[in-house]
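K.L.:
Data: input.txt, compact mmCIF, C-alpha atoms and all ligand atoms.
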# COMPACT_ATOMS: atom_id res chain seq x y z
CA MET A 518 -198.81 84.69 35.51
CA ALA A 519 -196.70 86.84 33.17
CA SER A 520 -193.33 85.53 32.10
CA ILE A 521 -190.56 86.48 29.75
CA VAL A 522 -189.67 83.54 27.53
CA LEU A 523 -186.13 83.51 26.16
CA TYR A 524 -184.69 81.33 23.40
CA CYS A 525 -181.04 80.26 23.61
CA ARG A 526 -178.77 77.52 22.34
CA PRO A 527 -179.78 74.18 23.95
CA GLY A 528 -177.41 73.55 26.86
CA PHE A 529 -177.02 77.26 27.69
CA GLU A 530 -180.24 77.71 29.66
CA LYS A 531 -178.37 78.32 32.93
CA GLU A 532 -176.32 81.15 31.43
CA CYS A 533 -179.33 82.68 29.71
CA GLY A 534 -181.35 82.46 32.95
CA ALA A 535 -178.61 83.94 35.15
CA GLU A 536 -178.22 86.80 32.70
CA ILE A 537 -181.90 87.79 32.46
CA GLN A 538 -182.25 87.58 36.22
CA GLU A 539 -179.25 89.81 36.78
CA LYS A 540 -180.00 92.36 34.07
CA ALA A 541 -183.72 92.55 34.91
CA ALA A 542 -182.71 93.31 38.52
CA TRP A 543 -180.69 96.30 37.22
CA ASN A 544 -184.08 97.57 36.01
CA GLU A 545 -185.62 96.66 39.37
CA VAL A 546 -187.64 93.83 37.84
CA TYR A 547 -187.60 90.59 39.80
CA GLY A 548 -188.81 87.07 39.23
CA TYR A 549 -187.84 83.42 39.34
CA LEU A 550 -186.54 81.07 36.69
CA GLU A 551 -187.87 77.90 35.13
CA LEU A 552 -185.34 76.35 32.77
CA LYS A 553 -186.18 73.76 30.14
CA LYS A 554 -182.88 71.93 30.24
CA ASN A 555 -181.38 71.20 26.82
CA GLU A 556 -184.48 72.64 25.14
CA GLY A 557 -183.04 76.11 24.72
CA LEU A 558 -185.93 77.72 26.58
CA VAL A 559 -185.89 79.88 29.71
CA PHE A 560 -188.97 81.13 31.52
CA PHE A 561 -188.48 84.17 33.72
CA HIS A 562 -191.66 84.33 35.77
CA LEU A 563 -192.24 87.91 36.89
CA ASN A 564 -193.12 88.74 40.49
CA ASN A 565 -195.05 91.71 39.21
CA ALA A 566 -196.83 91.09 35.87
CA GLU A 567 -197.09 94.79 35.04
CA GLU A 568 -193.31 95.17 34.82
CA GLY A 569 -192.98 92.81 31.85
CA ASP A 570 -193.98 95.37 29.24
CA THR A 571 -191.57 97.95 30.63
CA LEU A 572 -188.75 95.43 30.59
CA ILE A 573 -189.15 94.23 27.00
CA ASN A 574 -189.38 97.87 25.89
CA LYS A 575 -186.58 99.29 28.01
CA MET A 576 -183.94 96.60 28.18
CA PRO A 577 -182.25 96.13 24.79
CA LEU A 578 -182.27 92.51 23.63
CA ARG A 579 -178.85 93.38 22.16
CA ARG A 580 -177.50 93.67 25.67
CA LEU A 581 -178.35 90.03 26.43
CA ILE A 582 -175.50 87.77 25.38
CA PHE A 583 -177.13 84.36 25.59
CA ALA A 584 -180.72 85.11 24.49
CA ARG A 585 -181.40 84.81 20.77
CA GLN A 586 -184.99 85.97 21.03
CA TRP A 587 -187.60 86.74 23.66
CA PHE A 588 -191.23 87.55 24.23
CA LEU A 589 -193.58 88.47 27.05
CA THR A 590 -196.37 85.94 27.56
CA LEU A 591 -199.97 86.89 26.84
CA THR A 592 -201.27 83.47 27.89
CA ASP A 593 -200.22 80.48 29.95
CA LYS A 594 -199.84 77.20 28.07
CA ILE A 595 -202.99 76.63 26.01
CA ASP A 596 -204.16 73.06 25.29
CA LEU A 597 -205.31 73.04 21.71
CA PRO A 598 -208.15 70.84 20.46
CA ASP A 599 -207.52 68.38 17.59
CA TYR A 600 -209.72 70.50 15.34
CA ASN A 601 -210.33 74.25 15.21
CA ARG A 602 -206.89 75.12 16.49
CA VAL A 603 -207.00 78.43 14.64
CA GLU A 604 -210.22 79.42 16.41
CA ALA A 605 -208.79 78.40 19.77
CA ILE A 606 -205.71 80.62 19.26
CA THR A 607 -207.71 83.57 17.92
CA GLU A 608 -210.12 83.36 20.83
CA ALA A 609 -207.31 83.23 23.38
CA LEU A 610 -205.90 86.47 21.98
CA GLY A 611 -209.06 88.50 22.61
CA THR A 612 -209.60 91.66 20.61
CA GLU A 613 -207.67 94.30 22.52
CA TRP A 614 -204.39 94.40 20.59
CA GLN A 615 -203.19 94.35 17.03
CA TYR A 616 -199.92 92.82 15.87
CA ALA A 617 -197.55 93.69 13.04
CA ASP A 618 -196.40 90.13 12.37
CA LEU A 619 -196.75 86.54 13.50
CA ARG A 620 -193.83 84.22 14.37
CA MET A 621 -194.56 80.50 14.57
CA GLU A 622 -191.84 79.10 16.83
CA THR A 623 -190.65 75.96 18.60
CA ALA A 624 -187.72 75.00 20.79
CA ASP A 625 -184.43 74.59 18.87
CA THR A 626 -184.42 70.80 19.42
CA ASN A 627 -185.06 67.73 17.28
CA ASP A 628 -188.64 67.61 18.58
CA GLY A 629 -188.95 71.28 17.72
CA LYS A 630 -187.65 70.67 14.20
CA ALA A 631 -190.19 67.87 13.75
CA LEU A 632 -192.92 70.39 14.65
CA SER A 633 -191.83 73.03 12.15
CA LYS A 634 -193.75 71.44 9.24
CA PHE A 635 -196.90 71.49 11.35
CA CYS A 636 -196.22 75.15 12.18
CA ARG A 637 -195.76 76.11 8.53
CA LYS A 638 -199.04 74.44 7.63
CA LEU A 639 -200.96 76.07 10.45
CA ALA A 640 -199.42 79.50 9.77
CA VAL A 641 -201.43 80.01 6.57
CA PRO A 642 -204.98 79.70 7.99
CA LEU A 643 -203.89 81.33 11.26
CA ARG A 644 -202.58 84.44 9.50
CA GLN A 645 -205.75 84.63 7.43
CA ALA A 646 -207.96 84.37 10.50
CA LEU A 647 -205.90 86.93 12.43
CA ARG A 648 -206.10 89.40 9.54
CA LYS A 649 -209.81 88.85 9.14
CA SER A 650 -210.43 89.61 12.78
CA GLY A 651 -208.14 92.65 12.66
CA LEU A 652 -205.58 91.12 15.03
CA LEU A 653 -202.83 91.21 12.42
CA THR A 654 -202.11 94.36 10.39
CA GLU A 655 -201.67 94.26 6.64
CA LYS A 656 -198.46 92.83 5.20
CA GLY A 657 -195.36 95.01 5.28
CA ASP A 658 -196.18 96.81 8.50
CA ASN A 659 -192.93 96.72 10.44
CA ASP A 660 -193.80 98.76 13.51
CA GLY A 661 -195.56 97.66 16.63
CA ALA A 662 -195.78 94.37 18.43
CA ILE A 663 -194.80 90.97 17.06
CA LEU A 664 -197.02 88.06 18.00
CA HIS A 665 -195.16 84.89 19.00
CA ALA A 666 -196.79 81.46 19.04
CA LEU A 667 -194.42 79.03 20.76
CA PHE A 668 -195.51 75.46 20.07
CA LEU A 669 -194.38 73.02 22.74
CA SER A 670 -196.16 70.22 20.85
CA GLY A 671 -198.89 69.95 18.22
CA SER A 672 -201.45 70.50 20.96
CA GLU A 673 -199.77 73.00 23.29
CA VAL A 674 -198.95 76.61 22.55
CA ILE A 675 -197.91 79.69 24.52
CA LEU A 676 -198.75 83.10 23.05
CA GLY A 677 -196.82 86.28 23.67
CA TYR A 678 -195.42 89.42 22.09
CA SER A 679 -192.20 91.32 21.60
CA ILE A 680 -191.62 94.87 20.39
CA SER A 681 -190.49 95.06 16.76
CA SER A 682 -187.74 97.60 17.51
CA ASN A 683 -186.36 95.36 20.28
CA THR A 684 -186.62 91.83 18.90
CA SER A 685 -184.76 89.58 16.51
CA PRO A 686 -185.99 89.84 12.91
CA HIS A 687 -185.62 86.06 12.61
CA VAL A 688 -187.96 83.29 13.71
CA MET A 689 -186.57 81.96 17.03
CA GLY A 690 -183.72 84.44 16.60
CA ILE A 691 -182.07 82.11 14.07
CA PRO A 692 -180.84 83.46 10.72
CA ARG A 693 -180.75 80.72 8.09
CA LEU A 694 -177.51 81.23 6.20
CA LYS A 695 -176.43 79.22 3.21
CA PHE A 696 -173.00 77.64 3.41
CA PRO A 697 -170.99 78.96 0.44
CA ASN A 698 -169.45 75.99 -1.40
CA ALA A 699 -166.25 77.90 -2.13
CA ALA A 700 -165.56 78.57 1.58
CA PRO A 701 -162.79 76.42 3.08
CA SER A 702 -164.46 75.78 6.46
CA ARG A 703 -167.85 75.82 8.13
CA SER A 704 -166.59 78.53 10.52
CA THR A 705 -167.24 80.92 7.66
CA LEU A 706 -170.90 81.08 8.72
CA LYS A 707 -169.87 82.46 12.11
CA LEU A 708 -168.35 85.60 10.62
CA ASP A 709 -171.12 85.88 8.04
CA GLU A 710 -173.70 85.86 10.85
CA ALA A 711 -171.61 88.25 12.96
CA PHE A 712 -171.50 90.89 10.20
CA LEU A 713 -175.23 90.47 9.65
CA TYR A 714 -175.97 90.76 13.34
CA PHE A 715 -173.60 93.52 14.47
CA ILE A 716 -173.35 95.83 11.46
CA PRO A 717 -176.60 97.37 10.18
CA LYS A 718 -177.03 96.65 6.46
CA GLU A 719 -177.48 100.32 5.62
CA GLU A 720 -173.94 100.96 6.96
CA TRP A 721 -172.23 98.20 4.97
CA ASP A 722 -171.18 100.64 2.23
CA GLU A 723 -169.11 102.54 4.77
CA ARG A 724 -168.02 99.87 7.22
CA LEU A 725 -167.86 96.63 5.29
CA THR A 726 -166.88 97.24 1.76
CA SER A 727 -164.42 96.48 -1.01
CA GLY A 728 -161.00 98.09 -0.99
CA MET A 729 -160.65 97.90 2.79
CA ASN A 730 -157.68 96.23 4.44
CA ALA A 731 -158.25 93.57 7.06
CA VAL A 732 -156.24 91.30 9.33
CA ASP A 733 -157.43 87.81 10.28
CA LEU A 734 -155.69 86.33 13.35
CA GLY A 735 -155.96 82.53 13.59
CA ALA A 736 -157.07 82.41 9.98
CA ALA A 737 -156.41 78.84 8.76
CA PRO A 738 -157.87 77.29 6.69
CA GLY A 739 -159.62 80.53 5.76
CA GLY A 740 -163.37 80.50 6.43
CA TRP A 741 -163.24 84.00 7.92
CA THR A 742 -160.72 85.27 5.39
CA TYR A 743 -163.16 84.03 2.72
CA GLN A 744 -165.88 86.36 4.08
CA LEU A 745 -163.50 89.33 3.87
CA VAL A 746 -162.24 88.39 0.41
CA ARG A 747 -165.74 87.93 -0.95
CA ARG A 748 -166.49 91.49 0.19
CA GLY A 749 -163.54 92.70 -1.87
CA MET A 750 -161.07 93.30 0.97
CA MET A 751 -157.31 92.81 1.00
CA VAL A 752 -156.50 90.46 3.86
CA THR A 753 -153.41 89.65 5.90
CA SER A 754 -154.05 86.17 7.30
CA ILE A 755 -151.99 85.12 10.31
CA ASP A 756 -151.70 81.44 11.22
CA ASN A 757 -149.04 78.75 11.34
CA GLY A 758 -151.54 76.46 9.62
CA ALA A 759 -152.07 76.31 5.85
CA MET A 760 -154.51 78.57 4.06
CA ALA A 761 -156.79 77.20 1.31
CA GLU A 762 -155.16 77.46 -2.13
CA SER A 763 -158.36 78.87 -3.61
CA LEU A 764 -158.04 81.93 -1.35
CA MET A 765 -154.36 82.46 -2.06
CA GLU A 766 -155.16 82.39 -5.80
CA THR A 767 -157.47 85.40 -5.47
CA GLY A 768 -154.43 87.64 -5.02
CA GLN A 769 -156.25 89.36 -2.14
CA VAL A 770 -154.57 87.37 0.64
CA LYS A 771 -151.13 87.66 2.23
CA HIS A 772 -150.39 84.70 4.49
CA ARG A 773 -147.97 85.20 7.38
CA MET A 774 -147.02 82.06 9.29
CA MET A 775 -146.51 83.40 12.79
CA ASP A 776 -147.96 83.88 16.25
CA GLY A 777 -151.01 86.17 16.20
CA PHE A 778 -149.93 87.71 19.50
CA LYS A 779 -146.61 88.83 18.00
CA TYR A 780 -147.83 90.25 14.70
CA ILE A 781 -147.73 94.05 14.51
CA PRO A 782 -149.05 95.65 11.31
CA SER A 783 -146.48 97.83 9.56
CA LYS A 784 -149.06 100.47 8.54
CA GLN A 785 -152.12 101.99 10.22
CA ASN A 786 -154.31 101.15 7.25
CA ASN A 787 -156.39 98.23 8.45
CA TYR A 788 -160.08 98.80 8.89
CA TRP A 789 -161.02 95.36 10.20
CA LEU A 790 -159.42 92.99 12.66
CA VAL A 791 -161.10 89.61 12.93
CA CYS A 792 -159.84 86.97 15.33
CA ASP A 793 -160.83 83.34 15.77
CA MET A 794 -157.69 82.05 17.55
CA ILE A 795 -158.35 79.20 19.95
CA GLU A 796 -156.60 80.86 22.85
CA LYS A 797 -157.26 81.90 26.44
CA PRO A 798 -160.09 84.47 26.23
CA GLN A 799 -158.39 86.83 28.70
CA ARG A 800 -155.35 86.99 26.40
CA VAL A 801 -157.52 87.59 23.36
CA ALA A 802 -159.51 90.29 25.19
CA LYS A 803 -156.34 92.22 26.06
CA LEU A 804 -154.98 91.86 22.52
CA MET A 805 -158.20 93.19 20.99
CA ALA A 806 -158.22 96.20 23.34
CA GLU A 807 -154.61 96.93 22.41
CA TRP A 808 -155.25 96.76 18.64
CA LEU A 809 -158.17 99.16 18.93
CA LEU A 810 -156.39 101.59 21.27
CA ARG A 811 -153.28 101.69 19.11
CA GLY A 812 -155.37 102.28 15.99
CA TYR A 813 -154.11 99.09 14.33
CA CYS A 814 -157.74 98.62 13.24
CA LYS A 815 -160.97 100.63 13.35
CA GLU A 816 -163.33 97.76 14.20
CA ALA A 817 -162.75 94.33 15.67
CA MET A 818 -164.84 91.17 15.49
CA PHE A 819 -163.59 88.33 17.65
CA ASN A 820 -164.50 85.20 19.52
CA LEU A 821 -164.06 84.57 23.21
CA LYS A 822 -163.92 80.86 23.95
CA LEU A 823 -166.14 79.67 26.79
CA PRO A 824 -164.91 77.45 29.63
CA MET A 825 -166.74 74.24 30.65
CA LYS A 826 -168.06 75.81 33.84
CA GLY A 827 -168.94 79.34 34.96
CA ARG A 828 -169.43 80.42 31.38
CA TYR A 829 -171.54 83.52 32.09
CA GLN A 830 -169.12 84.73 34.75
CA GLN A 831 -166.12 84.16 32.48
CA VAL A 832 -167.59 86.14 29.59
CA ASN A 833 -168.43 88.97 31.96
CA ASP A 834 -164.87 88.96 33.28
CA ASP A 835 -163.42 88.97 29.75
CA LEU A 836 -165.61 91.87 28.65
CA GLN A 837 -164.82 93.71 31.88
CA THR A 838 -161.11 93.41 31.10
CA ILE A 839 -161.67 95.27 27.83
CA LYS A 840 -163.94 97.87 29.47
CA ASP A 841 -161.36 98.51 32.19
CA ILE A 842 -158.60 99.06 29.64
CA PHE A 843 -160.77 101.46 27.62
CA SER A 844 -161.79 103.32 30.79
CA GLU A 845 -158.19 103.61 31.87
CA PHE A 846 -157.45 105.48 28.63
CA GLY A 847 -160.68 107.48 28.80
CA VAL A 848 -161.99 106.48 25.36
CA LYS A 849 -165.62 106.17 24.32
CA TYR A 850 -166.44 102.86 22.72
CA GLU A 851 -169.17 100.56 21.50
CA MET A 852 -169.05 96.87 22.37
CA TYR A 853 -171.66 94.16 22.06
CA ALA A 854 -171.33 90.42 22.62
CA LYS A 855 -173.66 87.66 21.44
CA HIS A 856 -173.84 83.91 21.53
CA LEU A 857 -174.75 83.69 17.86
CA TYR A 858 -176.58 80.78 16.25
CA TYR A 859 -173.44 79.49 14.52
CA ASP A 860 -171.34 79.89 17.68
CA ARG A 861 -170.84 76.86 19.89
CA GLU A 862 -168.46 77.07 22.84
CA GLU A 863 -167.69 80.71 22.22
CA VAL A 864 -169.37 84.10 22.02
CA THR A 865 -168.75 86.69 19.33
CA VAL A 866 -167.83 90.25 20.24
CA HIS A 867 -167.83 93.41 18.15
CA ALA A 868 -165.96 96.47 19.41
CA ARG A 869 -164.87 99.86 18.11
CA ILE A 870 -163.61 103.07 19.64
CA LEU A 871 -165.75 106.14 19.00
CA SER A 872 -163.53 108.94 20.35
CA PRO A 873 -160.01 110.15 19.41
CA LEU A 874 -157.29 107.66 20.31
CA PRO A 875 -154.93 108.27 23.21
CA ALA A 876 -151.24 108.95 22.58
CA LEU A 877 -149.39 105.70 23.30
CA ASP A 878 -145.70 104.84 23.06
C1 LIG A 901 -160.97 77.76 14.85
S1 LIG A 901 -159.52 77.82 13.92
C2 LIG A 901 -159.82 79.17 12.85
C3 LIG A 901 -160.77 78.86 11.74
C4 LIG A 901 -160.84 79.99 10.75
N1 LIG A 901 -161.43 81.20 11.36
C5 LIG A 901 -161.68 79.59 9.58
O1 LIG A 901 -162.78 80.13 9.45
O2 LIG A 901 -161.25 78.75 8.79
C6 LIG A 901 -158.35 78.47 15.01
C7 LIG A 901 -157.02 78.78 14.39
O3 LIG A 901 -156.30 79.57 15.32
C8 LIG A 901 -154.93 79.29 15.12
N2 LIG A 901 -154.19 79.79 16.27
C9 LIG A 901 -154.32 79.42 17.57
N3 LIG A 901 -153.44 80.14 18.32
C10 LIG A 901 -152.79 80.97 17.47
C11 LIG A 901 -151.78 81.96 17.64
N4 LIG A 901 -151.27 82.22 18.83
N5 LIG A 901 -151.36 82.62 16.55
C12 LIG A 901 -151.86 82.37 15.33
N6 LIG A 901 -152.82 81.44 15.11
C13 LIG A 901 -153.28 80.76 16.17
C14 LIG A 901 -154.89 77.79 14.90
O4 LIG A 901 -153.72 77.43 14.19
C15 LIG A 901 -156.16 77.55 14.11
O5 LIG A 901 -155.90 77.47 12.74
Starting from the coordinates I provided, produce the structure as structure tokens.
P.N.:
Amino acid sequence: MASIVLYCRPGFEKECGAEIQEKAAWNEVYGYLELKKNEGLVFFHLNNAEEGDTLINKMPLRRLIFARQWFLTLTDKIDLPDYNRVEAITEALGTEWQYADLRMETADTNDGKALSKFCRKLAVPLRQALRKSGLLTEKGDNDGAILHALFLSGSEVILGYSISSNTSPHVMGIPRLKFPNAAPSRSTLKLDEAFLYFIPKEEWDERLTSGMNAVDLGAAPGGWTYQLVRRGMMVTSIDNGAMAESLMETGQVKHRMMDGFKYIPSKQNNYWLVCDMIEKPQRVAKLMAEWLLRGYCKEAMFNLKLPMKGRYQQVNDDLQTIKDIFSEFGVKYEMYAKHLYYDREEVTVHARILSPLPALD
């Protein structure tokens, strides 16, 4: 049986499953779900095995909100012997295909974490054996298929592949970011990850660079403002709460104690709007659309808080609100949403308008 395996945040399997089922159906690919509850794994078993390859090539992983990473299975679950595990894996792969890289993966759970040392140890001889038998290309080859080995335990593995141009560059889709000691809150990692995920590095010089002006709505105590300041931007931080002294001392931050829904920038010179207000997502969605349409900012990065129930439906409704507003004004836009690793009960959205702005009063 061929299946698409998706990795998501533990507890979000239902959302991840509903999404792959719906979006695969748009591509006329059908199957049924097997969810590993609280293990962050979703199995989408395909009715027609041949369609798997088309799907992981054609459907952009970027369009899936709740999946961090995915692969198409090459094998069912393999029971590994106590010895000669490397041989067992190499044999199961056959000789037909060659892979550009190997990802040793587990579920994002405590059991999974306990397995990661085992995976690291096994990776060395496994890579060597795969190279020797020509199954893995030489180091530095970035094109082609990525081989995934998902370890369910020390003696059970599922093998599969993803396409390097349509996969996460990170093991299990998780970037490991270092918390900067000078940042005033852990939320800082959310914006750090968002920039890394949504803005290609080769465009940072143009889109994410020093000298830009930015507005941070719901800024206190300043974890997001910190990310803008450290990139050399001048930031207007809006929040009734206090901002960290260390940020105010940089001279790059203006703090306005007021409601983020009432603030209107006096000049059209802001490149970035970032928004982490804990507010109704529908309200935030409308506000973001308005800022972009009015040209108050060129690009927006914001969170949409998730409800307790119906989370997938709610996010779709929130994004639809923005799409409807943009359509009403006939603008072209780019918008992606992702449940990032450092997100919890929210998803992060990036949006920008790509065509001339409409005349508004
Ligand atoms: C999750 S915290 C923001 C954390 C911040 N991004 C950081 O990294 O330190 C949410 C903030 O939104 C602010 N907030 C909520 N509603 C707001 C509103 N209507 N206007 C301005 N700030 C608001 C709260 O005061 C709170 O400080």
K.L.:
Residues at most 7 Å from A:Ile521, counting all atoms listed in the file, excluding those fewer than 2 positions away in the same chain, as an mmCIF file with C-alpha atoms, in the frame of the given file?
P.N.:
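Ended up saving to around-v4.cif:
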data_model
loop_
_atom_site.group_PDB
_atom_site.id
_atom_site.type_symbol
_atom_site.label_atom_id
_atom_site.label_comp_id
_atom_site.auth_asym_id
_atom_site.auth_seq_id
_atom_site.Cartn_x
_atom_site.Cartn_y
_atom_site.Cartn_z
ATOM 1 C CA LEU A 523 -186.130 83.510 26.160
ATOM 2 C CA PHE A 560 -188.970 81.130 31.520
ATOM 3 C CA PHE A 561 -188.480 84.170 33.720
ATOM 4 C CA HIS A 562 -191.660 84.330 35.770
ATOM 5 C CA TRP A 587 -187.600 86.740 23.660
ATOM 6 C CA PHE A 588 -191.230 87.550 24.230
ATOM 7 C CA LEU A 589 -193.580 88.470 27.050
ATOM 8 C CA THR A 590 -196.370 85.940 27.560
#
K.L.:
Skip A:Asp593 itself and residues of its chain fewer than 2 positions away, then list as a list in words all residues within 9 Å of it, counting all atoms listed in the file.
P.N.:
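Surrounding residues, per the criterion: Met518, Ala519, Ser520, Thr590, Leu591, Ile595, Val674, Ile675 and Leu676 of chain A.
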K.L.:
Could you give me, as an MDAnalysis selection string, every polymer residue with an atom at most 8 Å away from an atom of ligand LIG 901 (chain A), counting all atoms listed in the file?
P.N.:
chainID A and resid 701:705 707:708 733:743 755:759 774:779 792:796
K.L.:
Go through A:Ser872, A:Thr767, A:Asn544, A:Thr592 one by one, measure the shortest atom-to-atom distance of each to A:Tyr850 using all atoms listed in the file, and give the residue with the smallest value.
P.N.:
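Of all the options, A:Ser872 lies closest to A:Tyr850.
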K.L.:
Which one of A:Asn555, A:Ser754, A:Gln744, A:Asn601 sits closest to A:Phe696 if you count all atoms listed in the file?
P.N.:
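Of A:Asn555, A:Ser754, A:Gln744, A:Asn601, the one nearest A:Phe696, counting all atoms listed in the file, is A:Gln744.
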K.L.:
If we draw a sphere of 8 Å around (-165.2, 101.9, 22.5), which residues have at least one atom in it when counting all atoms listed in the file? Please report them as an mmCIF file with C-alpha atoms, in the frame of the given file.
P.N.:
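Okay, this is what ended up in out-v1.cif:
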data_model
loop_
_atom_site.group_PDB
_atom_site.id
_atom_site.type_symbol
_atom_site.label_atom_id
_atom_site.label_comp_id
_atom_site.auth_asym_id
_atom_site.auth_seq_id
_atom_site.Cartn_x
_atom_site.Cartn_y
_atom_site.Cartn_z
ATOM 1 C CA PHE A 843 -160.770 101.460 27.620
ATOM 2 C CA VAL A 848 -161.990 106.480 25.360
ATOM 3 C CA LYS A 849 -165.620 106.170 24.320
ATOM 4 C CA TYR A 850 -166.440 102.860 22.720
ATOM 5 C CA GLU A 851 -169.170 100.560 21.500
ATOM 6 C CA MET A 852 -169.050 96.870 22.370
ATOM 7 C CA ALA A 868 -165.960 96.470 19.410
ATOM 8 C CA ARG A 869 -164.870 99.860 18.110
ATOM 9 C CA ILE A 870 -163.610 103.070 19.640
ATOM 10 C CA LEU A 871 -165.750 106.140 19.000
ATOM 11 C CA SER A 872 -163.530 108.940 20.350
#
K.L.:
Which residues, written as an MDAnalysis selection string, have at least one atom at most 9 Å from A:Lys531, with only C-alpha atoms counted and residues fewer than 4 positions away on the same chain left out?
P.N.:
chainID A and resid 535:536 552 554 559 829
K.L.:
Just C-alpha atoms for this one: save the residues we selected as an mmCIF file, keeping the file's coordinate frame.
P.N.:
data_model
loop_
_atom_site.group_PDB
_atom_site.id
_atom_site.type_symbol
_atom_site.label_atom_id
_atom_site.label_comp_id
_atom_site.auth_asym_id
_atom_site.auth_seq_id
_atom_site.Cartn_x
_atom_site.Cartn_y
_atom_site.Cartn_z
ATOM 1 C CA ALA A 535 -178.610 83.940 35.150
ATOM 2 C CA GLU A 536 -178.220 86.800 32.700
ATOM 3 C CA LEU A 552 -185.340 76.350 32.770
ATOM 4 C CA LYS A 554 -182.880 71.930 30.240
ATOM 5 C CA VAL A 559 -185.890 79.880 29.710
ATOM 6 C CA TYR A 829 -171.540 83.520 32.090
#
K.L.:
What is the distance between atom CA of A:Ser681 and atom CA of A:Leu558, in Å to one decimal?
P.N.:
20.4 Å
K.L.:
My list of candidates is A:Arg648, A:Lys594, A:Gly749, A:Ile537. Which is closest to A:Asp722 when distances are computed with all atoms listed in the file?
P.N.:
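Comparing A:Arg648, A:Lys594, A:Gly749, A:Ile537 against A:Asp722, the winner is A:Gly749.
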K.L.:
Determine the nearest neighbour of A:Lys630 from the options A:Met805, A:Met689, A:Leu643, A:Ala876, counting all atoms listed in the file.
P.N.:
A:Met689
K.L.:
Let me make sure I understand: among A:Arg579, A:Lys826, A:Arg637, A:His687, which one has the smallest atom-to-atom distance to A:Asp618 if we use only C-alpha atoms?
P.N.:
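Of A:Arg579, A:Lys826, A:Arg637, A:His687, the one nearest A:Asp618 is A:His687, counting only C-alpha atoms.
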K.L.:
Find the residues around A:Glu766 up to 12 Å (all atoms listed in the file counted), leave out those fewer than 6 positions away in its own chain, and share them as number ranges by chain.
P.N.:
A: 743, 746, 760, 772
K.L.:
Show me the residues close to (-202.5, 72.9, 12.4) - anything with an atom within 12 Å, counting only C-alpha atoms - and format the list as an mmCIF file with C-alpha atoms, in the coordinates of the input.
P.N.:
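Wrote point.cif, looks like this:
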data_model
loop_
_atom_site.group_PDB
_atom_site.id
_atom_site.type_symbol
_atom_site.label_atom_id
_atom_site.label_comp_id
_atom_site.auth_asym_id
_atom_site.auth_seq_id
_atom_site.Cartn_x
_atom_site.Cartn_y
_atom_site.Cartn_z
ATOM 1 C CA LEU A 597 -205.310 73.040 21.710
ATOM 2 C CA PRO A 598 -208.150 70.840 20.460
ATOM 3 C CA ASP A 599 -207.520 68.380 17.590
ATOM 4 C CA TYR A 600 -209.720 70.500 15.340
ATOM 5 C CA ASN A 601 -210.330 74.250 15.210
ATOM 6 C CA ARG A 602 -206.890 75.120 16.490
ATOM 7 C CA VAL A 603 -207.000 78.430 14.640
ATOM 8 C CA GLU A 604 -210.220 79.420 16.410
ATOM 9 C CA ALA A 605 -208.790 78.400 19.770
ATOM 10 C CA ILE A 606 -205.710 80.620 19.260
ATOM 11 C CA MET A 621 -194.560 80.500 14.570
ATOM 12 C CA LEU A 632 -192.920 70.390 14.650
ATOM 13 C CA SER A 633 -191.830 73.030 12.150
ATOM 14 C CA LYS A 634 -193.750 71.440 9.240
ATOM 15 C CA PHE A 635 -196.900 71.490 11.350
ATOM 16 C CA CYS A 636 -196.220 75.150 12.180
ATOM 17 C CA ARG A 637 -195.760 76.110 8.530
ATOM 18 C CA LYS A 638 -199.040 74.440 7.630
ATOM 19 C CA LEU A 639 -200.960 76.070 10.450
ATOM 20 C CA ALA A 640 -199.420 79.500 9.770
ATOM 21 C CA VAL A 641 -201.430 80.010 6.570
ATOM 22 C CA PRO A 642 -204.980 79.700 7.990
ATOM 23 C CA LEU A 643 -203.890 81.330 11.260
ATOM 24 C CA ARG A 644 -202.580 84.440 9.500
ATOM 25 C CA PHE A 668 -195.510 75.460 20.070
ATOM 26 C CA SER A 670 -196.160 70.220 20.850
ATOM 27 C CA GLY A 671 -198.890 69.950 18.220
ATOM 28 C CA SER A 672 -201.450 70.500 20.960
ATOM 29 C CA GLU A 673 -199.770 73.000 23.290
ATOM 30 C CA VAL A 674 -198.950 76.610 22.550
#
K.L.:
By how many Å are atom CA of A:Asn627 and atom CA of A:Asn698 apart?
P.N.:
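Interatomic distance here is 25.7 Å.
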K.L.:
Measure the distance from atom CA of A:Thr726 to atom CA of A:Leu810 in Å and round it to one decimal.
P.N.:
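Atom CA of A:Leu810 lies at a distance of 22.6 Å from atom CA of A:Thr726.
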K.L.:
Taking into account all atoms listed in the file, which residue in the set A:Ile691, A:Met750, A:Leu804, A:Met765 is nearest to A:Tyr714?
P.N.:
A:Ile691
K.L.:
Got a sec: who's within 8 Å of A:Tyr858, counting only C-alpha atoms, leaving out chain neighbours fewer than 5 positions off, as a PyMOL selection string?
P.N.:
chain A and resi 526+585+691-692+710
